[in-house]
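Heads up, the thing below is written out as structure tokens.
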Amino acid sequence: MSTEPKYMHIVRYIKDRIAEEALKPRDLLPQESELMAEFGVSSITVRKAMETMVREGIVYRVRGKGTYVSPSKDEPAMADEPARRVYLIFDVEARLDTSLSRIVQGIQRYYKHKKCLLALENYAFCEEYLQAGRHQQDDAGLILYINSSDDDKKARHLRKLGEAGVKFVCIDRFLGNFPINYVGCNNHDAVYAAVEHLASHRHQRIAFLYEKPEISSEKERYKGYVHAMRDLGLGNLLPAPHSVNDIEKCVEDVQNGVTAVVCANDYTASLLVEALKNAGLEVPRDVSVVGFDDSETYRYHQPTLTTLRQDFHALGYESARVLDKLMTGASGGYTRIYIPAQLLVRESSGDNPKAE
């Protein structure tokens with residue numbers, strides 16, 4: 001007697017019919033009641049079989065219509081395929097530089113062979129979406145690219161979205177400590193690599209300069225800095241982190257022996273370079289400076305900035321992939337994806353001029 005679970009009988013049956021081409025890509029599968037009658041099983045067993053095949057990418061669901069055989073990965077979208085509705089939510093205060101456009105390009109690349117209606121909305125849309133009850137009629141997913149202002153309020157909004165069953169993914173940063181689907185840069189390891197780079201040039205007294213220490217991405221970057229300093233035996237030289245709002249203290253530390261500064265982003269690094277210049281100090285002659293983001297806004301400043309390049313295109317692509325799995329029921333639990341950053345060594349970092 002076979003010990004194979006009953007739901008696997010259905011899975012094997014559907015797979016065999018697909019292999020025999022009795023069921024072709026985008027064909028509608030038999031209704032739940034038909035499979036219950038044919039295999040003599042309960043609705044729970046049929047649903048478990050469907051969930052298994054959705055996770056494996058064999059079939060996909062369309063709310064209110066049924067379950068269909070999945071197309072091949074390289075097959076273009078057909079006219080009758082339902083379009084995914086995706087909202088990219090970003091803060092009004094978010095930097096409208098190329099990071100946003102590259103995120104959009106990444107999302108569009110993922111949906112190149114799928115039908116997708118992509119709309120950009122500001123953060124106020126989240127609250128309106130719930131209050132108007134649109135989440136109950138609109139089979140949509142959200143990708144959130146948000147900043148840190150009113151983070152307690154926004155964290156409450158995210159919890160409400162999750163409790164309401166809305167499928168969403170946060171990118172670049174997250175709020176709160178509750179489980180969440182997230183795609184972001186591997187901030188910790190990136191800054192760790194930056195500190196190693198500086199240490200290889202005989203820098204020991206290395207400082208860290210924040211812009212917004214409350215946001216998750218900068219917290220991760222600071223942890224990477226601290227862990228690298230300690231692992232390299234420089235923990236006893238670890239100064240307190242500096243804030244961009246009191247950048248003069250960072251300049252004073254440079255005047256008192258700090259020879260390199262890792263900055264939370266390129267904007268912060270550009271402010272530091274200017275403040276050092278005003279104090280009669282030159283980069284990298286007197287101090288090395290490393291930024292983060294490889295923002296085009298600061299890419300051509302003099303001296304050219306050593307920085308860590310985030311792949312915003314990959315952030316967009318991966319967030320769309322995670323969201324698509326959530327919307328089709330192919331993903332259970334929560335997913336966090338960390339994308340590596342690339343260290344770009346330019347003119348603003350060099351050998352420690354005070355090393356013997």
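Naming works like this for the structure tokens: A, B, ... for the chains as they're shown, residue 1 at the start of each chain, ligands 1 onward in shown order.
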
Please provide the set of residues having any atom within 10 Å of A:Glu218, restricted to only C-alpha atoms, with same-chain residues fewer than 3 positions apart removed, written as a PDB file with all heavy atoms, in the first residue's frame.
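What landed in result.pdb:
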ATOM      1  N   ARG A 173      15.157  50.173   3.876  1.00  0.00           N
ATOM      2  CA  ARG A 173      15.096  50.315   5.330  1.00  0.00           C
ATOM      3  C   ARG A 173      13.770  49.766   5.833  1.00  0.00           C
ATOM      4  O   ARG A 173      12.809  49.649   5.083  1.00  0.00           O
ATOM      5  CB  ARG A 173      15.260  51.775   5.737  1.00  0.00           C
ATOM      6  CG  ARG A 173      14.194  52.694   5.191  1.00  0.00           C
ATOM      7  CD  ARG A 173      14.615  54.130   5.239  1.00  0.00           C
ATOM      8  NE  ARG A 173      15.787  54.366   4.422  1.00  0.00           N
ATOM      9  CZ  ARG A 173      16.225  55.567   4.066  1.00  0.00           C
ATOM     10  NH1 ARG A 173      15.614  56.640   4.478  1.00  0.00           N
ATOM     11  NH2 ARG A 173      17.280  55.716   3.302  1.00  0.00           N
ATOM     12  N   ASN A 187      24.286  46.385   4.473  1.00  0.00           N
ATOM     13  CA  ASN A 187      24.978  47.568   5.003  1.00  0.00           C
ATOM     14  C   ASN A 187      26.119  47.210   5.937  1.00  0.00           C
ATOM     15  O   ASN A 187      27.187  47.828   5.905  1.00  0.00           O
ATOM     16  CB  ASN A 187      23.966  48.444   5.745  1.00  0.00           C
ATOM     17  CG  ASN A 187      22.918  49.027   4.827  1.00  0.00           C
ATOM     18  OD1 ASN A 187      23.209  49.848   3.967  1.00  0.00           O
ATOM     19  ND2 ASN A 187      21.665  48.603   4.993  1.00  0.00           N
ATOM     20  N   HIS A 188      25.879  46.218   6.789  1.00  0.00           N
ATOM     21  CA  HIS A 188      26.884  45.827   7.781  1.00  0.00           C
ATOM     22  C   HIS A 188      28.184  45.409   7.112  1.00  0.00           C
ATOM     23  O   HIS A 188      29.263  45.948   7.396  1.00  0.00           O
ATOM     24  CB  HIS A 188      26.337  44.679   8.629  1.00  0.00           C
ATOM     25  CG  HIS A 188      27.316  44.127   9.627  1.00  0.00           C
ATOM     26  ND1 HIS A 188      28.340  43.255   9.264  1.00  0.00           N
ATOM     27  CD2 HIS A 188      27.438  44.314  10.970  1.00  0.00           C
ATOM     28  CE1 HIS A 188      29.036  42.935  10.336  1.00  0.00           C
ATOM     29  NE2 HIS A 188      28.519  43.565  11.380  1.00  0.00           N
ATOM     30  N   LEU A 209      30.570  58.943  10.885  1.00  0.00           N
ATOM     31  CA  LEU A 209      29.722  60.135  10.854  1.00  0.00           C
ATOM     32  C   LEU A 209      28.320  59.753  10.368  1.00  0.00           C
ATOM     33  O   LEU A 209      28.153  59.270   9.254  1.00  0.00           O
ATOM     34  CB  LEU A 209      30.326  61.191   9.924  1.00  0.00           C
ATOM     35  CG  LEU A 209      29.587  62.529   9.814  1.00  0.00           C
ATOM     36  CD1 LEU A 209      29.559  63.262  11.156  1.00  0.00           C
ATOM     37  CD2 LEU A 209      30.245  63.411   8.742  1.00  0.00           C
ATOM     38  N   TYR A 210      27.314  59.977  11.238  1.00  0.00           N
ATOM     39  CA  TYR A 210      25.919  59.695  10.936  1.00  0.00           C
ATOM     40  C   TYR A 210      25.248  60.859  10.204  1.00  0.00           C
ATOM     41  O   TYR A 210      25.652  62.012  10.344  1.00  0.00           O
ATOM     42  CB  TYR A 210      25.124  59.556  12.241  1.00  0.00           C
ATOM     43  CG  TYR A 210      25.143  58.229  12.933  1.00  0.00           C
ATOM     44  CD1 TYR A 210      25.597  58.131  14.255  1.00  0.00           C
ATOM     45  CD2 TYR A 210      24.636  57.093  12.325  1.00  0.00           C
ATOM     46  CE1 TYR A 210      25.564  56.928  14.943  1.00  0.00           C
ATOM     47  CE2 TYR A 210      24.594  55.883  13.014  1.00  0.00           C
ATOM     48  CZ  TYR A 210      25.059  55.807  14.313  1.00  0.00           C
ATOM     49  OH  TYR A 210      25.007  54.620  14.995  1.00  0.00           O
ATOM     50  N   GLU A 211      24.137  60.550   9.523  1.00  0.00           N
ATOM     51  CA  GLU A 211      23.162  61.579   9.159  1.00  0.00           C
ATOM     52  C   GLU A 211      21.899  61.384   9.989  1.00  0.00           C
ATOM     53  O   GLU A 211      21.460  62.276  10.707  1.00  0.00           O
ATOM     54  CB  GLU A 211      22.794  61.534   7.673  1.00  0.00           C
ATOM     55  CG  GLU A 211      21.804  62.664   7.324  1.00  0.00           C
ATOM     56  CD  GLU A 211      21.172  62.531   5.951  1.00  0.00           C
ATOM     57  OE1 GLU A 211      21.428  61.558   5.239  1.00  0.00           O
ATOM     58  OE2 GLU A 211      20.381  63.422   5.604  1.00  0.00           O
ATOM     59  N   LYS A 212      21.306  60.173   9.917  1.00  0.00           N
ATOM     60  CA  LYS A 212      20.080  59.871  10.652  1.00  0.00           C
ATOM     61  C   LYS A 212      20.283  58.550  11.400  1.00  0.00           C
ATOM     62  O   LYS A 212      19.940  57.479  10.903  1.00  0.00           O
ATOM     63  CB  LYS A 212      18.891  59.756   9.695  1.00  0.00           C
ATOM     64  CG  LYS A 212      18.557  61.056   8.974  1.00  0.00           C
ATOM     65  CD  LYS A 212      17.382  60.872   8.016  1.00  0.00           C
ATOM     66  CE  LYS A 212      17.040  62.187   7.323  1.00  0.00           C
ATOM     67  NZ  LYS A 212      15.915  62.025   6.360  1.00  0.00           N
ATOM     68  N   PRO A 213      20.828  58.609  12.615  1.00  0.00           N
ATOM     69  CA  PRO A 213      21.166  57.378  13.342  1.00  0.00           C
ATOM     70  C   PRO A 213      19.971  56.521  13.723  1.00  0.00           C
ATOM     71  O   PRO A 213      20.143  55.373  14.117  1.00  0.00           O
ATOM     72  CB  PRO A 213      21.896  57.892  14.590  1.00  0.00           C
ATOM     73  CG  PRO A 213      21.414  59.296  14.758  1.00  0.00           C
ATOM     74  CD  PRO A 213      21.199  59.814  13.368  1.00  0.00           C
ATOM     75  N   GLU A 214      18.757  57.070  13.591  1.00  0.00           N
ATOM     76  CA  GLU A 214      17.580  56.308  13.995  1.00  0.00           C
ATOM     77  C   GLU A 214      17.096  55.328  12.932  1.00  0.00           C
ATOM     78  O   GLU A 214      16.298  54.434  13.219  1.00  0.00           O
ATOM     79  CB  GLU A 214      16.422  57.258  14.367  1.00  0.00           C
ATOM     80  CG  GLU A 214      15.797  58.039  13.206  1.00  0.00           C
ATOM     81  CD  GLU A 214      16.539  59.313  12.841  1.00  0.00           C
ATOM     82  OE1 GLU A 214      17.659  59.502  13.333  1.00  0.00           O
ATOM     83  OE2 GLU A 214      15.981  60.117  12.070  1.00  0.00           O
ATOM     84  N   ILE A 215      17.562  55.458  11.683  1.00  0.00           N
ATOM     85  CA  ILE A 215      17.030  54.584  10.639  1.00  0.00           C
ATOM     86  C   ILE A 215      17.829  53.285  10.566  1.00  0.00           C
ATOM     87  O   ILE A 215      19.011  53.234  10.906  1.00  0.00           O
ATOM     88  CB  ILE A 215      16.995  55.279   9.260  1.00  0.00           C
ATOM     89  CG1 ILE A 215      18.397  55.566   8.728  1.00  0.00           C
ATOM     90  CG2 ILE A 215      16.185  56.553   9.324  1.00  0.00           C
ATOM     91  CD1 ILE A 215      18.388  56.143   7.327  1.00  0.00           C
ATOM     92  N   ARG A 221      24.974  50.072   9.293  1.00  0.00           N
ATOM     93  CA  ARG A 221      26.289  50.543   8.847  1.00  0.00           C
ATOM     94  C   ARG A 221      27.198  50.812  10.047  1.00  0.00           C
ATOM     95  O   ARG A 221      28.395  50.487  10.021  1.00  0.00           O
ATOM     96  CB  ARG A 221      26.128  51.795   7.978  1.00  0.00           C
ATOM     97  CG  ARG A 221      25.452  51.484   6.650  1.00  0.00           C
ATOM     98  CD  ARG A 221      25.021  52.711   5.860  1.00  0.00           C
ATOM     99  NE  ARG A 221      24.125  52.304   4.776  1.00  0.00           N
ATOM    100  CZ  ARG A 221      23.529  53.119   3.925  1.00  0.00           C
ATOM    101  NH1 ARG A 221      23.736  54.434   4.023  1.00  0.00           N
ATOM    102  NH2 ARG A 221      22.734  52.657   2.992  1.00  0.00           N
ATOM    103  N   TYR A 222      26.628  51.397  11.086  1.00  0.00           N
ATOM    104  CA  TYR A 222      27.430  51.666  12.283  1.00  0.00           C
ATOM    105  C   TYR A 222      27.883  50.364  12.940  1.00  0.00           C
ATOM    106  O   TYR A 222      29.036  50.247  13.387  1.00  0.00           O
ATOM    107  CB  TYR A 222      26.636  52.522  13.269  1.00  0.00           C
ATOM    108  CG  TYR A 222      27.417  52.840  14.529  1.00  0.00           C
ATOM    109  CD1 TYR A 222      28.591  53.586  14.477  1.00  0.00           C
ATOM    110  CD2 TYR A 222      26.990  52.362  15.766  1.00  0.00           C
ATOM    111  CE1 TYR A 222      29.321  53.866  15.622  1.00  0.00           C
ATOM    112  CE2 TYR A 222      27.710  52.634  16.918  1.00  0.00           C
ATOM    113  CZ  TYR A 222      28.876  53.389  16.843  1.00  0.00           C
ATOM    114  OH  TYR A 222      29.603  53.655  17.980  1.00  0.00           O
ATOM    115  N   LYS A 223      27.011  49.348  12.973  1.00  0.00           N
ATOM    116  CA  LYS A 223      27.399  48.059  13.552  1.00  0.00           C
ATOM    117  C   LYS A 223      28.544  47.434  12.760  1.00  0.00           C
ATOM    118  O   LYS A 223      29.470  46.856  13.347  1.00  0.00           O
ATOM    119  CB  LYS A 223      26.198  47.101  13.563  1.00  0.00           C
ATOM    120  CG  LYS A 223      25.167  47.401  14.635  1.00  0.00           C
ATOM    121  CD  LYS A 223      24.031  46.388  14.595  1.00  0.00           C
ATOM    122  CE  LYS A 223      22.993  46.694  15.656  1.00  0.00           C
ATOM    123  NZ  LYS A 223      21.850  45.736  15.596  1.00  0.00           N
ATOM    124  N   GLY A 224      28.482  47.558  11.440  1.00  0.00           N
ATOM    125  CA  GLY A 224      29.572  47.035  10.624  1.00  0.00           C
ATOM    126  C   GLY A 224      30.889  47.721  10.932  1.00  0.00           C
ATOM    127  O   GLY A 224      31.954  47.073  10.994  1.00  0.00           O
ATOM    128  N   CYS A 263      31.523  57.628   6.433  1.00  0.00           N
ATOM    129  CA  CYS A 263      30.285  58.409   6.515  1.00  0.00           C
ATOM    130  C   CYS A 263      29.084  57.541   6.151  1.00  0.00           C
ATOM    131  O   CYS A 263      29.173  56.630   5.325  1.00  0.00           O
ATOM    132  CB  CYS A 263      30.351  59.608   5.573  1.00  0.00           C
ATOM    133  SG  CYS A 263      31.716  60.738   5.961  1.00  0.00           S
ATOM    134  N   ALA A 264      27.942  57.863   6.743  1.00  0.00           N
ATOM    135  CA  ALA A 264      26.737  57.054   6.547  1.00  0.00           C
ATOM    136  C   ALA A 264      26.223  57.111   5.122  1.00  0.00           C
ATOM    137  O   ALA A 264      25.539  56.188   4.673  1.00  0.00           O
ATOM    138  CB  ALA A 264      25.643  57.497   7.518  1.00  0.00           C
ATOM    139  N   ASN A 265      26.520  58.185   4.397  1.00  0.00           N
ATOM    140  CA  ASN A 265      26.111  58.291   2.994  1.00  0.00           C
ATOM    141  C   ASN A 265      26.976  59.352   2.305  1.00  0.00           C
ATOM    142  O   ASN A 265      27.774  60.039   2.941  1.00  0.00           O
ATOM    143  CB  ASN A 265      24.613  58.607   2.860  1.00  0.00           C
ATOM    144  CG  ASN A 265      24.193  59.818   3.683  1.00  0.00           C
ATOM    145  OD1 ASN A 265      24.850  60.860   3.646  1.00  0.00           O
ATOM    146  ND2 ASN A 265      23.116  59.695   4.431  1.00  0.00           N
TER     147      ASN A 265
END

Stretch 46-57 of chain A environment, 10 Å, only C-alpha atoms, sequence neighbours closer than 3 positions dropped, as an MDAnalysis selection string: chainID A and resid 5:12 14:15 29 31:36 39 41:43 60:61 67:73 325 328:332

Exercise: A:Ala355 partners within 12 Å, only C-alpha atoms, chain neighbours under 5 positions left out, as number ranges by chain: A: 199-205, 257-259, 286-287, 350

Name the residues in contact with stretch 240-251 of chain A at a cut-off of 7 Å, using only C-alpha atoms, excluding same-chain residues fewer than 2 positions from it; report them as a ChimeraX atom specification. /A:207-211,238,253-255,268,272,276

Nearby residues (only C-alpha atoms) at most 8 Å from stretch 190-195 of chain A, same-chain spacing under 2 positions excluded, as a PyMOL selection string: chain A and resi 186-188+197-199+206+221-222+224-225+227-229+262+290+308+340-343

Test item: residues at most 8 Å from A:Pro303, only C-alpha atoms, excluding those fewer than 4 positions along its chain, as a VMD selection string: chain A and resid 283 347 to 348

Between A:Glu163, A:Asp16, A:Glu128, A:Asp172, which is the closest to A:His313 once you count only C-alpha atoms? A:Asp172

Atom CA of A:Val289 and atom CA of A:Thr306, how far apart in Å?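 Separating atom CA of A:Thr306 from atom CA of A:Val289 is a distance of 7.0 Å.
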
Expressed in Å to a single decimal, how great is the separation between atom CA of A:Arg84 and atom CA of A:Gly141? 8.0 Å

I need the residue nearest A:Val169 from this list: A:Glu318, A:Glu282, A:Asp152, A:Asp293. Use only C-alpha atoms for the distance.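 So, comparing all the options, the nearest one is A:Glu318.
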
Interatomic distance between atom CA of A:Gly162 and atom CA of A:Ser319?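 Between atom CA of A:Gly162 and atom CA of A:Ser319 the gap works out to 16.5 Å.
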
Could you give me the residues within stretch 66-299 of chain A that DSSP places in strand (DSSP E or B), as an MDAnalysis selection string? chainID A and resid 66:69 84:90 116:122 140:145 167:171 182:185 206:210 242:243 260:263 288:290 293

Residues flagged alpha helix (DSSP H) by DSSP in stretch 164-267 of chain A, as a ChimeraX atom specification: /A:187-200,216-231,247-255,266-267
